[in-house]
Amino acid sequence: GEYFGRTDYFLADLQDLAFESWFGRLEGSARPSATPALDMLRDFPAPPYDAAGTTEAEAGPALIRASPDRSDAFRLLYPDPVASASVVLALSTSTARDTDIEDLAGGSAARDALTGTGWRVEGEPLGPGLDPDVRLDAGSNLPVEPGVYLALQETWAEVT
């Protein structure tokens with residue numbers, strides 16, 4: 001969304017050569033890490049980078065658990081608009097697990113698992129370290145064209 005200056009981008013936008021070039025430079029500009037917020041806290045006062053993109057579910061609880069000298073040195077910043085992810089459970093191609101998936105999707109197990117790992121779940125209390133003043137948009141502001149996510153994933157695989 002930052003590159004295009006809008007959140008309503010489409011599959012054709014991701015296939016633009018200028019975007020692909022920018023996306024490749026983005027990937028090459030930072031050292032990949034599965035836990036960038038934890039890396040910064042662990043390596044304080046000389047973290048490997050000045051800022052890290054991570055999830056609120058990782059950073060919020062990590063800052064709460066960190067010692068005051070470390071947690072006071074960092075601040076969570078939220079993009080505007082706030083980005084969100086929608087979790088979707090889909091039935092598999094094997095009907096042997098369909099009942100398990102239906103139970104997970106229809107019951108509280110998925111909601112409890114997400115809330116328990118720091119994710120915001122509508123109607124559930126916030127986890128530790130999450131800012132109660134941050135509000136998610138009513139809509140997801142995500143692209144609606146079905147192929148855009150697959151194209152974004154494929155583009156990422158190409159540049160990495």
# chains A, B, ... in the order shown; residues from 1 in each chain; ligands from 1
call {"tool": "residues_around", "arguments": {"residues": "range 62-78 of chain A", "least_positions_apart": "3", "cutoff": "8 Å", "atoms": "only C-alpha atoms", "output": "PyMOL selection string"}}
result
chain A and resi 37-38+41+44-45+58-59+82+128-129
call {"tool": "select_by_dssp", "arguments": {"residues": "range 24-152 of chain A", "states": "helix (DSSP H, G or I)", "output": "number ranges by chain"}}
result
A: 24-28, 36-43, 56-65, 68-71, 95-106, 109-116, 147-152
call {"tool": "residues_around", "arguments": {"residues": "Gly127 in chain A", "least_positions_apart": "6", "cutoff": "9 Å", "atoms": "only C-alpha atoms", "output": "ChimeraX atom specification"}}
result
/A:57,60-61,115-120
call {"tool": "write_last_selection", "arguments": {"atoms": "N, CA and C atoms", "output": "PDB file, in the first residue's frame"}}
result
ATOM      1  N   ALA A  57       1.286  -8.944  17.989  1.00  0.00           N
ATOM      2  CA  ALA A  57       1.207 -10.149  18.812  1.00  0.00           C
ATOM      3  C   ALA A  57       2.577 -10.584  19.309  1.00  0.00           C
ATOM      4  N   GLY A  60       4.196  -6.684  21.432  1.00  0.00           N
ATOM      5  CA  GLY A  60       3.530  -6.250  22.665  1.00  0.00           C
ATOM      6  C   GLY A  60       3.893  -7.116  23.860  1.00  0.00           C
ATOM      7  N   PRO A  61       3.658  -8.418  23.793  1.00  0.00           N
ATOM      8  CA  PRO A  61       4.023  -9.277  24.922  1.00  0.00           C
ATOM      9  C   PRO A  61       5.532  -9.294  25.198  1.00  0.00           C
ATOM     10  N   THR A 115      -6.019 -15.513  20.670  1.00  0.00           N
ATOM     11  CA  THR A 115      -5.948 -14.597  21.805  1.00  0.00           C
ATOM     12  C   THR A 115      -4.786 -14.964  22.722  1.00  0.00           C
ATOM     13  N   GLY A 116      -4.580 -16.246  22.937  1.00  0.00           N
ATOM     14  CA  GLY A 116      -3.516 -16.711  23.816  1.00  0.00           C
ATOM     15  C   GLY A 116      -2.126 -16.425  23.306  1.00  0.00           C
ATOM     16  N   THR A 117      -1.995 -16.176  22.017  1.00  0.00           N
ATOM     17  CA  THR A 117      -0.680 -15.869  21.451  1.00  0.00           C
ATOM     18  C   THR A 117      -0.540 -14.390  21.097  1.00  0.00           C
ATOM     19  N   GLY A 118      -1.420 -13.546  21.646  1.00  0.00           N
ATOM     20  CA  GLY A 118      -1.252 -12.102  21.507  1.00  0.00           C
ATOM     21  C   GLY A 118      -2.036 -11.438  20.401  1.00  0.00           C
ATOM     22  N   TRP A 119      -2.830 -12.171  19.662  1.00  0.00           N
ATOM     23  CA  TRP A 119      -3.587 -11.570  18.559  1.00  0.00           C
ATOM     24  C   TRP A 119      -4.862 -10.932  19.076  1.00  0.00           C
ATOM     25  N   ARG A 120      -5.287  -9.864  18.399  1.00  0.00           N
ATOM     26  CA  ARG A 120      -6.564  -9.229  18.703  1.00  0.00           C
ATOM     27  C   ARG A 120      -7.666 -10.091  18.092  1.00  0.00           C
TER      28      ARG A 120
END
call {"tool": "closest_residue", "arguments": {"among": "A:Glu27, A:Asp8, A:Asp131, A:Glu2", "to": "Trp156 in chain A", "atoms": "only C-alpha atoms"}}
result
A:Glu27
call {"tool": "residues_around", "arguments": {"residues": "Thr35 in chain A", "least_positions_apart": "5", "cutoff": "10 Å", "atoms": "only C-alpha atoms", "output": "PyMOL selection string"}}
result
chain A and resi 40+52-55+58-59
call {"tool": "closest_residue", "arguments": {"among": "A:Leu114, A:Asp100, A:Ala105, A:Leu152", "to": "Ala85 in chain A", "atoms": "only C-alpha atoms"}}
result
A:Leu114
call {"tool": "closest_residue", "arguments": {"among": "A:Leu150, A:Asp133, A:Tyr3, A:Pro36", "to": "Asp16 in chain A", "atoms": "only C-alpha atoms"}}
result
A:Tyr3
call {"tool": "closest_residue", "arguments": {"among": "A:Val159, A:Ala12, A:Ala151, A:Ala109", "to": "Ser29 in chain A", "atoms": "only C-alpha atoms"}}
result
A:Val159
call {"tool": "closest_residue", "arguments": {"among": "A:Glu102, A:Leu126, A:Ser108, A:Arg135", "to": "Pro79 in chain A", "atoms": "only C-alpha atoms"}}
result
A:Arg135
call {"tool": "atom_distance", "arguments": {"atom1": "CA of Ala157 in chain A", "atom2": "CA of Thr7 in chain A"}}
result
21.5 Å
